[in-house]
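Novice: Before I ask anything, here is the structure I am working with.
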Amino acid sequence: MNSLSVAIILRNTLDAIGLRHIFASMFSVNASLLNAIENADASNENYDLYFTDSETFVANLEFFLPRRSKIVLVTDSDLVSSFPSINIRLEESRIIDNIGSILHNFEQTVDSHNELSAREVEVLKLVATGFLNKEIADKLGISINTVLSHRKNISAKLGIRSASGLSVYAMMNGYISHI
Amino acid sequence: MALFNPDSKLSDIVLSDVSVITVLNRFDIFLGVGDKTVNEICREKRLDVNFLLAIINTNVSDEYFPETALKSFKASEIIEYLKKTNNYYLQFQIPNIERHFNSFINHSINDNNNLELMRNFFLEVKRQLIDRINDDNSRWFPEILRLESSLKSSKLSLNEVEISFDDDGSDSIEDKLSDLISMLVRHLSGDYDLNLCLAVIVALVNIEKDIRQNNRIRNRILKPLTNALVAVNSLK
């Protein structure tokens with residue numbers, strides 16, 4: 001499963017379901033359907049990409065503007081806009097190609113290097129030794145959100161989510177000698 | 001995958017996803033099903049068709065959530081199934097993984113400490129799973145059965161309350177099994193026996209899928225039912 005996190009916020013449920021199906025079957029991306037902007041806001045989740053329609057976008061500028069680099073517009077015309085867009089009237093294979101190139105472009109822009117950074121190794125060592133997120137934040141003088149973000153990146157790079165799994169990985173690779 | 005219905009043939013269901021065999025076993029349905037449909041086998045074995053279908057469809061489709069059928073299932077029915085599932089883990093799947101792990105480590109050339117670390121990690125997951133099963137048997141399941149029988153003796157029904165659905169996030173047993181698979185696939189180093197390693201991975205993938213599907217039944221069916229039973233009992 002691709003680790004890219006995608007939110008679909010569309011007024012038309014069938015469009016949303018269709019889009020989610022294409023993500024799952026063609027790109028192994030597990031997209032979340034959000035039926036209202038409040039849910040997206042309340043979940044506090046930071047998605048990598050938001051697929052939405054222009055009406056929803058305009059009605060929720062406060063939500064979307066801070067995330068403008070992550071917006072993909074779902075339209076029913078070849079409208080010219082500054083955002084990448086998907087025209088739902090195109091034939092299936094072209095829609096899939098369009099989505100493929102949008103995802104590809106996005107992945108090119110993010111750091112796809114799988115080596116852990118020096119800071120991530122520091123966080124990994126502390127997680128592996130049993131420190132809690134709050135304690136790690138205090139020790140490294142960073143915010144708890146930054147710790148969470150490092151942990152998310154570490155898990156994505158290693159494919160390991162649990163703290164005890166990270167401990168085993170850290171021991172296997174000589175980052176720590178014991179737990 | 002398309003959902004199955006009462007007229008679906010059991011053989012078609014199994015051929016579409018062989019992991020359903022172990023699910024059917026828990027209903028005392030074994031291979032050699034001939035051309036029987038779900039309806040026919042349920043009549044023969046006196047099983048609730050809707051319940052069996054909900055379990056099968058939950059297992060074959062990640063999208064499926066039997067919301068409308070939810071209130072029609074008895075908690076005792078679900079618990080009976082989950083008990084059989086737990087026993088299946090204890091009697092077959094866990095010993096099977098351990099056997100494969102032992103043979104994998106014993107036959108790998110040189111001392112590969114990483115393998116031993118992974119086996120210890122598996123033993124940690126095993127302990128956690130056994131603790132959960134013990135808690136199911138000693139606390140959770142009896143409490144639900146008590147609430148259900150207490151409801152039977154009153155005039156109230158589950159229709160009196162809203163059933164709220166729990167978050168369907170993965171739990172730490174699922175995460176750890178998936179971590180272990182990831183370690184074997186992505187981070188294995190040193191000398192090892194490839195065939196025996198494959199046996200460990202396949203056994204882990206099987207139990208991980210089984211536990212993931214059963215967590216959906218626990219979290220999305222039994223937990224909401226429990227909440228509803230607690231709520232309706234408090235109306236008395």
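Quick note on naming: the chains in the structure tokens go A, B, ... in the order shown, residues restart at 1 in each chain, and ligands are numbered from 1 in order of appearance.
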Give me, as CSV, the closest atom pair and its distance (Å, one decimal) for every residue of chain B within a cut-off of 12 Å of chain A, counting only C-alpha atoms, rows sorted by chain and rising number.

Specialist:
```
residue,atom,partner,partner_atom,distance
B:Met1,CA,A:Ser25,CA,10.9
B:Asp62,CA,A:Asn30,CA,11.0
B:Glu63,CA,A:His21,CA,10.4
B:Asn112,CA,A:Met172,CA,10.1
B:Asn113,CA,A:Met172,CA,7.8
B:Asn114,CA,A:Met172,CA,5.5
B:Leu115,CA,A:Met172,CA,9.1
B:Glu116,CA,A:Met172,CA,9.9
B:Leu117,CA,A:Val168,CA,6.5
B:Met118,CA,A:Val168,CA,7.2
B:Arg119,CA,A:Val168,CA,10.3
B:Asn120,CA,A:Val168,CA,9.1
B:Phe121,CA,A:Val168,CA,7.2
B:Phe122,CA,A:Gly165,CA,9.9
B:Leu123,CA,A:Ser164,CA,12.0
B:Glu124,CA,A:Ser164,CA,9.0
B:Val125,CA,A:Ser164,CA,9.8
B:Ser170,CA,A:Arg161,CA,10.7
B:Asp171,CA,A:Ser162,CA,9.7
B:Ser172,CA,A:Ser162,CA,6.9
B:Ile173,CA,A:Ser162,CA,9.2
B:Glu174,CA,A:Ser162,CA,9.6
B:Asp175,CA,A:Ser162,CA,6.1
B:Lys176,CA,A:Ser162,CA,5.9
B:Leu177,CA,A:Gly165,CA,9.1
B:Ser178,CA,A:Ile160,CA,7.6
B:Asp179,CA,A:Ile160,CA,4.7
B:Leu180,CA,A:Gly165,CA,7.2
B:Ile181,CA,A:Ile160,CA,9.2
B:Ser182,CA,A:Gly159,CA,5.9
B:Met183,CA,A:Tyr169,CA,7.6
B:Leu184,CA,A:Tyr169,CA,10.7
B:Val185,CA,A:Gly159,CA,9.8
B:Arg186,CA,A:Leu158,CA,7.9
B:His187,CA,A:Tyr169,CA,8.2
B:Leu188,CA,A:Met172,CA,9.1
B:Ser189,CA,A:Met172,CA,9.2
B:Gly190,CA,A:Met172,CA,11.0
```

Novice: Please provide as a short mmCIF file (atom, residue, chain, number, x, y, z; two decimals) with N, CA and C atoms, in the first residue's frame all residues within 10 Å of His100 of chain B, with the sequence filter that same-chain residues fewer than 4 positions apart are discarded (counting only C-alpha atoms).

Specialist:
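Dumped to result35.cif:
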```cif
data_model
loop_
_atom_site.label_atom_id
_atom_site.label_comp_id
_atom_site.auth_asym_id
_atom_site.auth_seq_id
_atom_site.Cartn_x
_atom_site.Cartn_y
_atom_site.Cartn_z
N ILE B 94 -0.51 -19.80 15.96
CA ILE B 94 0.68 -19.41 16.72
C ILE B 94 1.70 -20.56 16.78
N PRO B 95 1.27 -21.78 17.11
CA PRO B 95 2.26 -22.88 17.10
C PRO B 95 2.90 -23.06 15.72
N ASN B 96 2.10 -22.83 14.68
CA ASN B 96 2.62 -22.96 13.31
C ASN B 96 3.74 -21.94 13.05
N PHE B 104 13.50 -22.05 10.92
CA PHE B 104 14.19 -20.98 10.17
C PHE B 104 15.51 -20.63 10.87
N ILE B 105 15.44 -20.43 12.17
CA ILE B 105 16.64 -20.02 12.91
C ILE B 105 17.63 -21.18 13.01
N ASN B 106 17.11 -22.38 13.30
CA ASN B 106 18.02 -23.52 13.46
C ASN B 106 18.76 -23.87 12.17
N LEU B 196 12.84 -21.40 4.27
CA LEU B 196 12.28 -21.41 5.63
C LEU B 196 11.81 -19.99 6.00
N CYS B 197 12.52 -19.01 5.47
CA CYS B 197 12.12 -17.62 5.71
C CYS B 197 10.75 -17.37 5.07
N LEU B 198 10.57 -17.89 3.89
CA LEU B 198 9.30 -17.72 3.17
C LEU B 198 8.15 -18.33 3.99
N ALA B 199 8.41 -19.49 4.59
CA ALA B 199 7.37 -20.15 5.39
C ALA B 199 6.96 -19.26 6.56
N VAL B 200 7.95 -18.60 7.19
CA VAL B 200 7.64 -17.70 8.31
C VAL B 200 6.79 -16.53 7.81
N ILE B 201 7.21 -15.96 6.68
CA ILE B 201 6.49 -14.78 6.16
C ILE B 201 5.04 -15.15 5.81
N VAL B 202 4.86 -16.29 5.12
CA VAL B 202 3.50 -16.68 4.73
C VAL B 202 2.63 -16.90 5.97
N ALA B 203 3.20 -17.57 6.99
CA ALA B 203 2.43 -17.82 8.22
C ALA B 203 2.09 -16.50 8.90
N LEU B 204 3.03 -15.55 8.90
CA LEU B 204 2.77 -14.26 9.54
C LEU B 204 1.72 -13.46 8.77
#
```

Novice: May I have the residues within 12 Å of Ser149 of chain B as a ChimeraX atom specification, using only C-alpha atoms and disregarding those fewer than 4 positions away in the same chain?

Specialist: /B:74-76,142-145,153-157,229-230,233

Novice: May I ask which of the residues A:Val72, A:Leu61, A:Ile22, A:Ile176 is the closest one to Ala7 of chain A, counting only C-alpha atoms?

Specialist: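 The shortest atom-to-atom distance to Ala7 of chain A comes from A:Val72.
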
Novice: When you draw a straight line from atom CA of Val60 of chain B to atom CA of Thr13 of chain A, how long is it in Å?

Specialist: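 It comes out at 23.7 Å.
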
Novice: Extract, using only C-alpha atoms, all DNA, RNA and protein residues at most 9 Å from Asn153 of chain A, discarding same-chain residues fewer than 4 positions from it, and format them as an mmCIF file with C-alpha atoms, in the first residue's frame.

Specialist:
```
data_model
loop_
_atom_site.group_PDB
_atom_site.id
_atom_site.type_symbol
_atom_site.label_atom_id
_atom_site.label_comp_id
_atom_site.auth_asym_id
_atom_site.auth_seq_id
_atom_site.Cartn_x
_atom_site.Cartn_y
_atom_site.Cartn_z
ATOM 1 C CA LEU A 116 17.030 8.228 8.056
ATOM 2 C CA GLU A 120 15.455 10.938 12.795
ATOM 3 C CA LEU A 148 5.300 13.114 15.906
ATOM 4 C CA SER A 149 6.277 14.276 12.450
ATOM 5 C CA LYS A 157 10.856 5.000 5.691
ATOM 6 C CA LEU A 158 11.286 1.778 7.668
#
```

Novice: What are the closest atom pairs, with distances in Å to one decimal, for each residue of segment 201-226 of chain B lying within 10 Å of segment 15-20 of chain B, using only C-alpha atoms, rows by chain and rising residue number, as JSON lines?

Specialist:
```
{"residue": "B:Asn206", "atom": "CA", "partner": "B:Ser19", "partner_atom": "CA", "distance": 7.9}
{"residue": "B:Lys209", "atom": "CA", "partner": "B:Ser19", "partner_atom": "CA", "distance": 9.0}
{"residue": "B:Asp210", "atom": "CA", "partner": "B:Ser19", "partner_atom": "CA", "distance": 8.3}
```

Novice: Using C-alpha atoms, can you export the residues from the last selection as a PDB file, in the first residue's frame?

Specialist:
```
ATOM      1  CA  ASN B 206      -1.973 -15.266   7.214  1.00  0.00           C
ATOM      2  CA  LYS B 209      -4.830 -10.799   7.788  1.00  0.00           C
ATOM      3  CA  ASP B 210      -6.955 -12.967  10.074  1.00  0.00           C
TER       4      ASP B 210
END
```

Novice: I'd like to know which of A:Phe64, A:Phe23, A:Phe131, A:Phe57 is closest to Asn98 of chain A, using only C-alpha atoms.

Specialist: A:Phe23

Novice: At what distance in Å, to one decimal, does atom CA of Ile17 of chain A lie from atom CA of Leu33 of chain A?

Specialist: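 Atom CA of Leu33 of chain A sits 7.7 Å away from atom CA of Ile17 of chain A.
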
Novice: Determine, counting only C-alpha atoms, which protein, DNA and RNA residues have an atom within 12 Å of an atom of Leu103 of chain A; residues of the same chain fewer than 2 positions away are not included. Present the result as a PyMOL selection string.

Specialist: chain A and resi 2-6+23+26-29+48-51+70-72+84-86+96-101+105-110

Novice: Keeping only C-alpha atoms, write those residues as a CSV table (one decimal), in the first residue's frame.

Specialist:
```
chain,number,residue,atom,x,y,z
A,2,ASN,CA,1.3,3.4,-1.0
A,3,SER,CA,2.0,5.6,2.1
A,4,LEU,CA,0.7,8.7,0.4
A,5,SER,CA,-2.3,10.1,2.3
A,6,VAL,CA,-5.1,11.5,0.2
A,23,PHE,CA,-6.8,5.3,-6.0
A,26,MET,CA,-4.7,1.6,-9.7
A,27,PHE,CA,-2.4,3.2,-7.3
A,28,SER,CA,-2.7,1.3,-4.0
A,29,VAL,CA,-3.5,4.5,-2.3
A,48,ASP,CA,-0.5,15.0,1.4
A,49,LEU,CA,-3.1,15.8,-1.2
A,50,TYR,CA,-6.7,17.1,-1.2
A,51,PHE,CA,-9.0,16.3,-4.1
A,70,LYS,CA,-1.7,20.2,-1.9
A,71,ILE,CA,-5.0,20.9,-3.8
A,72,VAL,CA,-6.2,19.0,-6.8
A,84,PRO,CA,-3.6,20.6,-11.0
A,85,SER,CA,-7.0,19.3,-12.0
A,86,ILE,CA,-8.9,16.2,-13.1
A,96,ILE,CA,-6.3,7.4,-14.6
A,97,ASP,CA,-3.2,8.8,-16.5
A,98,ASN,CA,-3.9,12.3,-15.2
A,99,ILE,CA,-4.1,11.0,-11.6
A,100,GLY,CA,-1.0,9.0,-12.2
A,101,SER,CA,1.0,12.0,-13.3
A,105,ASN,CA,4.8,14.8,-9.7
A,106,PHE,CA,3.9,15.0,-6.0
A,107,GLU,CA,6.2,12.2,-5.1
A,108,GLN,CA,9.0,13.8,-7.0
A,109,THR,CA,8.7,16.9,-4.9
A,110,VAL,CA,8.9,15.2,-1.6
```
